[in-house]
>>> print(open('final.cif').read())   # mmCIF, C-alpha atoms and all ligand atoms
data_final
#
loop_
_atom_site.label_atom_id
_atom_site.label_comp_id
_atom_site.auth_asym_id
_atom_site.auth_seq_id
_atom_site.Cartn_x
_atom_site.Cartn_y
_atom_site.Cartn_z
CA MET F 1 78.62 94.63 108.22
CA THR F 2 78.12 98.23 107.18
CA PRO F 3 74.50 99.28 106.70
CA ALA F 4 74.94 99.58 102.94
CA MET F 5 76.28 96.06 102.56
CA LYS F 6 74.05 93.65 100.68
CA PRO F 7 74.40 90.00 101.65
CA GLY F 8 76.76 88.16 99.30
CA VAL F 9 77.79 91.38 97.62
CA LYS F 10 81.38 92.34 98.34
CA ARG F 11 82.33 95.96 98.90
CA VAL F 12 85.24 97.01 96.72
CA GLY F 13 87.74 99.82 97.23
CA ILE F 14 89.73 100.94 94.19
CA LEU F 15 93.08 102.71 94.53
CA ILE F 16 94.17 104.95 91.64
CA SER F 17 96.87 107.47 90.83
CA GLY F 18 95.90 108.57 87.32
CA ARG F 19 93.29 108.43 84.57
CA GLY F 20 91.47 105.43 86.02
CA SER F 21 90.43 103.57 82.87
CA ASN F 22 90.74 100.20 84.64
CA MET F 23 88.70 101.63 87.51
CA VAL F 24 85.97 102.52 84.98
CA ALA F 25 86.05 98.96 83.58
CA LEU F 26 85.53 97.60 87.11
CA LEU F 27 82.75 100.09 87.85
CA GLU F 28 81.03 99.16 84.57
CA GLY F 29 81.28 95.44 85.40
CA MET F 30 79.76 96.00 88.84
CA ARG F 31 77.05 98.30 87.49
CA ALA F 32 76.10 95.73 84.84
CA GLY F 33 75.62 93.12 87.57
CA GLU F 34 78.33 90.89 86.08
CA ILE F 35 80.33 90.99 89.33
CA PRO F 36 78.70 90.24 92.72
CA ALA F 37 80.32 93.32 94.21
CA GLU F 38 79.65 97.00 94.65
CA PRO F 39 82.01 99.97 94.61
CA ALA F 40 82.47 101.39 98.11
CA VAL F 41 85.12 104.07 97.57
CA VAL F 42 87.85 105.18 95.17
CA VAL F 43 91.00 106.44 96.90
CA SER F 44 93.86 108.33 95.26
CA ASN F 45 97.29 109.29 96.55
CA ASP F 46 97.25 112.17 94.04
CA PRO F 47 94.65 114.96 94.31
CA GLY F 48 95.11 115.62 90.57
CA ALA F 49 94.18 112.09 89.45
CA ALA F 50 91.74 112.39 86.53
CA GLY F 51 90.02 109.19 87.64
CA LEU F 52 88.54 110.90 90.71
CA ALA F 53 86.05 112.92 88.64
CA LYS F 54 85.15 109.79 86.66
CA ALA F 55 84.42 107.92 89.93
CA ARG F 56 82.20 110.75 91.14
CA ALA F 57 80.36 110.67 87.79
CA TYR F 58 79.51 107.04 88.61
CA GLY F 59 78.18 108.19 91.99
CA VAL F 60 81.02 106.50 93.86
CA ALA F 61 82.50 108.05 97.02
CA THR F 62 86.07 109.32 96.63
CA ALA F 63 88.87 110.13 99.03
CA VAL F 64 92.33 111.60 98.58
CA VAL F 65 95.23 110.73 100.86
CA PRO F 66 97.97 112.98 99.44
CA GLN F 67 101.34 111.32 99.78
CA GLN F 68 103.06 114.73 100.11
CA GLU F 69 101.44 115.10 103.52
CA PHE F 70 103.23 111.96 104.69
CA LYS F 71 106.75 112.90 103.64
CA GLY F 72 109.27 111.68 106.21
CA LYS F 73 106.62 109.72 108.14
CA GLY F 74 107.26 106.41 106.41
CA ARG F 75 105.31 104.38 103.88
CA GLN F 76 103.14 102.64 106.46
CA ALA F 77 101.78 105.92 107.87
CA HIS F 78 100.32 106.76 104.46
CA ASP F 79 98.97 103.24 104.03
CA GLU F 80 97.30 103.41 107.46
CA ALA F 81 95.49 106.57 106.40
CA VAL F 82 94.37 104.84 103.17
CA ALA F 83 93.21 101.80 105.17
CA ALA F 84 91.23 104.08 107.49
CA GLU F 85 89.33 105.39 104.45
CA LEU F 86 88.73 101.85 103.23
CA ASP F 87 87.46 100.83 106.68
CA ARG F 88 85.21 103.86 106.85
CA HIS F 89 83.50 102.57 103.69
CA GLY F 90 83.32 98.93 104.74
CA VAL F 91 85.74 97.73 102.06
CA GLU F 92 86.40 93.97 101.83
CA ILE F 93 88.26 93.72 98.50
CA VAL F 94 90.90 96.21 97.29
CA CYS F 95 91.77 96.66 93.60
CA LEU F 96 94.87 98.59 92.59
CA ALA F 97 94.12 100.25 89.26
CA GLY F 98 97.15 102.22 88.14
CA TYR F 99 98.09 102.92 91.77
CA MET F 100 101.68 104.02 91.30
CA ARG F 101 102.90 103.63 94.83
CA ILE F 102 104.71 100.76 96.49
CA LEU F 103 102.71 99.40 99.43
CA SER F 104 104.10 98.71 102.89
CA PRO F 105 104.32 95.09 104.12
CA TRP F 106 101.73 96.11 106.75
CA PHE F 107 99.14 96.98 104.06
CA VAL F 108 99.91 93.90 101.96
CA GLU F 109 99.50 91.64 105.00
CA ARG F 110 96.30 93.36 106.12
CA TYR F 111 94.62 92.67 102.78
CA HIS F 112 96.19 89.28 102.12
CA GLY F 113 94.05 87.30 99.66
CA ARG F 114 91.77 90.26 98.90
CA LEU F 115 94.17 92.71 97.24
CA LEU F 116 94.45 92.63 93.43
CA ASN F 117 96.70 94.50 91.00
CA ILE F 118 96.78 94.78 87.22
CA HIS F 119 99.99 94.97 85.27
CA PRO F 120 100.47 95.56 81.50
CA ALA F 121 102.65 92.52 80.76
CA LEU F 122 102.55 88.76 81.10
CA LEU F 123 104.19 88.46 84.52
CA PRO F 124 106.74 87.41 85.58
CA SER F 125 108.06 89.16 82.43
CA PHE F 126 108.50 92.92 82.50
CA PRO F 127 107.48 94.06 85.98
CA GLY F 128 107.77 97.72 86.94
CA LEU F 129 107.10 100.70 84.71
CA HIS F 130 106.50 100.77 80.92
CA GLY F 131 105.48 97.12 80.44
CA ALA F 132 104.71 97.62 76.72
CA LYS F 133 108.05 99.33 76.02
CA GLN F 134 109.93 96.61 77.87
CA ALA F 135 108.15 93.96 75.75
CA LEU F 136 108.95 95.80 72.50
CA ASP F 137 112.58 96.38 73.48
CA HIS F 138 112.98 92.71 74.35
CA GLY F 139 111.45 91.63 71.05
CA VAL F 140 108.81 89.25 72.42
CA ARG F 141 106.09 88.15 69.97
CA VAL F 142 103.36 87.83 72.56
CA THR F 143 102.75 90.02 75.57
CA GLY F 144 99.60 90.97 77.43
CA CYS F 145 98.40 91.78 80.90
CA THR F 146 98.11 90.11 84.27
CA VAL F 147 95.86 90.41 87.30
CA HIS F 148 97.53 89.07 90.42
CA PHE F 149 97.22 89.01 94.18
CA VAL F 150 99.63 91.50 95.70
CA ASP F 151 102.49 90.20 97.80
CA ALA F 152 105.54 91.88 99.31
CA GLN F 153 107.34 92.23 95.94
CA VAL F 154 106.29 94.64 93.19
CA ASP F 155 104.24 93.06 90.34
CA HIS F 156 104.96 89.61 91.70
CA GLY F 157 102.16 87.84 93.64
CA PRO F 158 100.06 84.77 92.71
CA ILE F 159 98.53 85.16 89.24
CA VAL F 160 94.73 85.19 88.91
CA ALA F 161 94.12 85.91 85.22
CA GLN F 162 96.02 86.81 82.07
CA ALA F 163 95.21 88.03 78.57
CA ALA F 164 97.54 87.63 75.59
CA VAL F 165 98.25 90.30 72.98
CA ALA F 166 100.33 89.66 69.85
CA VAL F 167 103.04 92.16 68.99
CA GLN F 168 102.35 93.48 65.47
CA PRO F 169 104.88 94.60 62.88
CA GLY F 170 105.31 98.36 63.19
CA ASP F 171 104.03 98.50 66.77
CA THR F 172 105.14 101.48 68.82
CA GLU F 173 104.96 101.65 72.59
CA GLU F 174 101.70 103.62 72.20
CA THR F 175 99.96 101.22 69.78
CA LEU F 176 100.97 98.16 71.76
CA ALA F 177 100.08 99.71 75.13
CA SER F 178 96.65 100.69 73.82
CA ARG F 179 95.88 97.12 72.62
CA ILE F 180 97.10 95.78 75.97
CA LEU F 181 94.86 98.30 77.74
CA GLU F 182 91.81 97.00 75.83
CA GLN F 183 92.56 93.55 77.24
CA GLU F 184 93.17 94.97 80.73
CA HIS F 185 89.60 96.24 80.62
CA ARG F 186 88.38 92.69 79.97
CA VAL F 187 90.64 90.72 82.27
CA TYR F 188 90.33 92.88 85.39
CA PRO F 189 86.51 92.58 85.67
CA LEU F 190 86.90 88.84 85.02
CA ALA F 191 89.43 88.48 87.85
CA LEU F 192 87.36 90.57 90.27
CA ARG F 193 84.32 88.47 89.45
CA LEU F 194 86.17 85.24 90.25
CA LEU F 195 87.38 86.70 93.57
CA ALA F 196 83.99 88.16 94.51
CA GLU F 197 82.35 84.82 93.70
CA GLY F 198 84.70 83.21 96.23
CA ARG F 199 86.21 80.92 93.58
CA LEU F 200 89.91 81.67 94.13
CA THR F 201 92.25 79.79 96.45
CA ILE F 202 95.90 80.73 96.82
CA GLU F 203 98.12 77.65 96.86
CA GLY F 204 101.72 78.80 97.28
CA HIS F 205 102.36 80.97 94.23
CA ARG F 206 99.48 79.42 92.28
CA VAL F 207 95.82 80.32 92.28
CA ALA F 208 93.20 77.60 91.90
CA VAL F 209 89.92 78.62 90.25
CA ALA F 210 86.94 76.60 91.47
CA GLY F 211 84.83 75.28 88.61
CA GLU F 212 87.60 75.40 86.00
CA GLU F 213 87.76 72.35 83.79
CA PRO F 214 90.52 71.07 81.51
CA GLY F 215 90.14 72.66 78.08
CA PHE F 216 88.15 75.55 79.51
CA PRO F 217 90.49 77.75 81.55
CA GLN F 218 88.29 80.55 82.83
CA ALA F 219 91.02 82.95 83.82
CA VAL F 220 92.68 83.19 80.40
CA ILE F 221 91.85 85.51 77.52
CA SER F 222 93.75 84.49 74.44
CA PRO F 223 94.15 85.75 71.85
CA ASP F 224 92.46 89.13 71.60
CA PRO F 225 89.79 89.47 68.88
CA GLY F 226 91.27 90.86 65.68
CA ASP F 227 94.57 89.27 66.52
CA PRO F 228 96.03 87.40 63.49
CA LEU F 229 96.71 84.47 65.79
CA ALA F 230 92.95 84.05 66.25
CA SER F 231 92.39 82.85 62.66
CA ARG F 232 95.12 80.22 62.64
C1 LIG F 301 97.52 100.43 83.35
O1 LIG F 301 98.07 100.11 82.10
C2 LIG F 301 98.04 99.50 84.43
O2 LIG F 301 98.19 98.18 83.97
C3 LIG F 301 99.36 100.13 84.75
O3 LIG F 301 99.08 101.50 84.79
C4 LIG F 301 98.04 101.78 83.85
C5 LIG F 301 96.97 102.58 84.55
O4 LIG F 301 95.99 103.01 83.64
N1 LIG F 301 99.91 99.63 85.99
C6 LIG F 301 101.21 99.34 86.16
O5 LIG F 301 102.07 99.53 85.32
C7 LIG F 301 101.54 98.73 87.51
N2 LIG F 301 102.90 98.25 87.51
P1 LIG F 301 94.55 103.43 84.12
O6 LIG F 301 94.76 104.51 85.18
O7 LIG F 301 93.90 104.00 82.89
O8 LIG F 301 93.85 102.23 84.66
#
>>> encode(input="final.cif", output="structure tokens")
Amino acid sequence: MTPAMKPGVKRVGILISGRGSNMVALLEGMRAGEIPAEPAVVVSNDPGAAGLAKARAYGVATAVVPQQEFKGKGRQAHDEAVAAELDRHGVEIVCLAGYMRILSPWFVERYHGRLLNIHPALLPSFPGLHGAKQALDHGVRVTGCTVHFVDAQVDHGPIVAQAAVAVQPGDTEETLASRILEQEHRVYPLALRLLAEGRLTIEGHRVAVAGEEPGFPQAVISPDPGDPLASR
């Protein structure tokens, strides 16, 4: 236990590469006391990530492990340096929040069952980049976002929570992505809360949520408020 660790309160490390709006949603949820967890450190692979300044504004420690410095040394060498930062801050749970780097099997194994990612689509549909554009191009009527445990494949592991977003006539990639993002900011704190409360069990590719009852799925947000589906 690190000295700063409060009993029952999990220490969370957040990995970012960019603006960090999901990171802010998690920090807000922890600050509000809705999640029995506290932010330990925010780590970026990119020194220019705008989210770093936002983390500091919340009084959260930050670290940068620039991936350029690890060119030619292999993916795991970079991940080991990231893990060293996480260890230094006593991190128990890791949240990827727009961390645009594929993780080594070593890292994924090390944080098995305590490593979450958010993706802007209803997985297993539309993994990879540009989830909203992929949904529009495919012509789906409903898309959304997914929080999942990370496994060896990109945007693939056991699903913790999902939120649905209806595709509207006239949607562009930007309008759809921004409505999905609003739901990301709701579903990620929800998923972290369930994990920090110790309510998640991975069973194969499924995740059981302790305390869920039929008719009241706790890890689903559907549909988003203002969605025409809501009034039908
Ligand atoms: C979010 O939309 C997140 O779902 C996505 O990157 C964005 C990061 O935004 N992640 C992926 O596409 C992972 N495959 P943020 O930096 O404002 O949180």
>>> residues_around(input="final.cif", residues="region 155-166 of chain F", least_positions_apart="5", cutoff="9 Å", atoms="only C-alpha atoms", output="ChimeraX atom specification")
/F:116-119,121-124,126-128,140-150,176,179-180,183-184,186-188,190-191,194-195,200,202-209,218-224,227-229
>>> closest_residue(input="final.cif", among="F:His78, F:Arg114, F:Lys54, F:His89", to="ligand LIG 301 (chain F)", atoms="all atoms listed in the file")
F:Lys54
>>> residues_near_ligand(input="final.cif", ligand="ligand LIG 301 (chain F)", cutoff="7 Å", atoms="only C-alpha atoms and all ligand atoms", output="list in words")
Ile16, Ser17, Gly18, Arg19, Gly20, Ser21, Asn22, Met23, Ala97, Gly98, Tyr99, Met100, Ile118, His119, Pro120, Pro127, Gly128, Leu129, His130, Gly131, Asp155, Leu181 and Glu184 of chain F
>>> closest_residue(input="final.cif", among="F:Asp79, F:Leu96, F:His138, F:Gly113", to="Thr201 (chain F)", atoms="all atoms listed in the file")
F:Gly113
>>> closest_residue(input="final.cif", among="F:Arg110, F:His185, F:Lys133, F:Arg101", to="Val154 (chain F)", atoms="all atoms listed in the file")
F:Arg101
>>> atom_distance(input="final.cif", atom1="CA of His112 (chain F)", atom2="CA of Ala63 (chain F)")
22.3 Å
>>> atom_distance(input="final.cif", atom1="CA of Cys95 (chain F)", atom2="CA of Val12 (chain F)")
7.2 Å
>>> atom_distance(input="final.cif", atom1="CA of Pro39 (chain F)", atom2="CA of Gln67 (chain F)")
23.0 Å
>>> closest_residue(input="final.cif", among="F:Ala152, F:Glu174, F:Gln168, F:Ala196", to="Gly29 (chain F)", atoms="all atoms listed in the file")
F:Ala196
>>> residues_near_point(input="final.cif", point="(89.6, 102.4, 97.2)", cutoff="7 Å", atoms="only C-alpha atoms", output="CSV table (one decimal) with C-alpha atoms, in the coordinates of the input")
chain,number,residue,atom,x,y,z
F,12,VAL,CA,85.2,97.0,96.7
F,13,GLY,CA,87.7,99.8,97.2
F,14,ILE,CA,89.7,100.9,94.2
F,15,LEU,CA,93.1,102.7,94.5
F,41,VAL,CA,85.1,104.1,97.6
F,42,VAL,CA,87.8,105.2,95.2
F,43,VAL,CA,91.0,106.4,96.9
F,86,LEU,CA,88.7,101.8,103.2
F,94,VAL,CA,90.9,96.2,97.3
>>> residues_around(input="final.cif", residues="Glu197 (chain F)", least_positions_apart="5", cutoff="12 Å", atoms="all atoms listed in the file", output="list in words")
Gly8, Val9, Lys10, Glu34, Ile35, Pro36, Ala37, Ile93, Pro189, Leu190, Ala191, Leu192, Val209, Ala210 and Gly211 of chain F
>>> closest_residue(input="final.cif", among="F:Leu136, F:Leu26, F:Ile102, F:Ala57", to="Gln76 (chain F)", atoms="all atoms listed in the file")
F:Ile102
>>> closest_residue(input="final.cif", among="F:Glu28, F:Glu92, F:Glu85, F:Asp171", to="Ser44 (chain F)", atoms="only C-alpha atoms")
F:Glu85
>>> build_atoms(input="final.cif", residues="region 29-40 of chain F", atoms="N, CA and C atoms", output="tab-separated table (two decimals), in the frame of the given file")
chain	number	residue	atom	x	y	z
F	29	GLY	N	81.59	96.85	85.15
F	29	GLY	CA	81.28	95.44	85.40
F	29	GLY	C	80.36	95.28	86.61
F	30	MET	N	80.61	96.09	87.64
F	30	MET	CA	79.76	96.00	88.84
F	30	MET	C	78.37	96.56	88.55
F	31	ARG	N	78.34	97.68	87.81
F	31	ARG	CA	77.05	98.30	87.49
F	31	ARG	C	76.19	97.36	86.64
F	32	ALA	N	76.83	96.64	85.73
F	32	ALA	CA	76.10	95.73	84.84
F	32	ALA	C	75.64	94.47	85.57
F	33	GLY	N	76.05	94.30	86.81
F	33	GLY	CA	75.62	93.12	87.57
F	33	GLY	C	76.41	91.88	87.21
F	34	GLU	N	77.54	92.06	86.47
F	34	GLU	CA	78.33	90.89	86.08
F	34	GLU	C	79.23	90.41	87.22
F	35	ILE	N	79.42	91.29	88.21
F	35	ILE	CA	80.33	90.99	89.33
F	35	ILE	C	79.51	91.13	90.61
F	36	PRO	N	79.48	90.11	91.48
F	36	PRO	CA	78.70	90.24	92.72
F	36	PRO	C	79.43	91.11	93.74
F	37	ALA	N	79.57	92.37	93.39
F	37	ALA	CA	80.32	93.32	94.21
F	37	ALA	C	79.81	94.71	93.91
F	38	GLU	N	80.06	95.61	94.87
F	38	GLU	CA	79.65	97.00	94.65
F	38	GLU	C	80.79	97.93	95.04
F	39	PRO	N	80.92	99.04	94.29
F	39	PRO	CA	82.01	99.97	94.61
F	39	PRO	C	81.71	100.72	95.90
F	40	ALA	N	82.66	100.71	96.83
F	40	ALA	CA	82.47	101.39	98.11
F	40	ALA	C	83.15	102.76	98.10
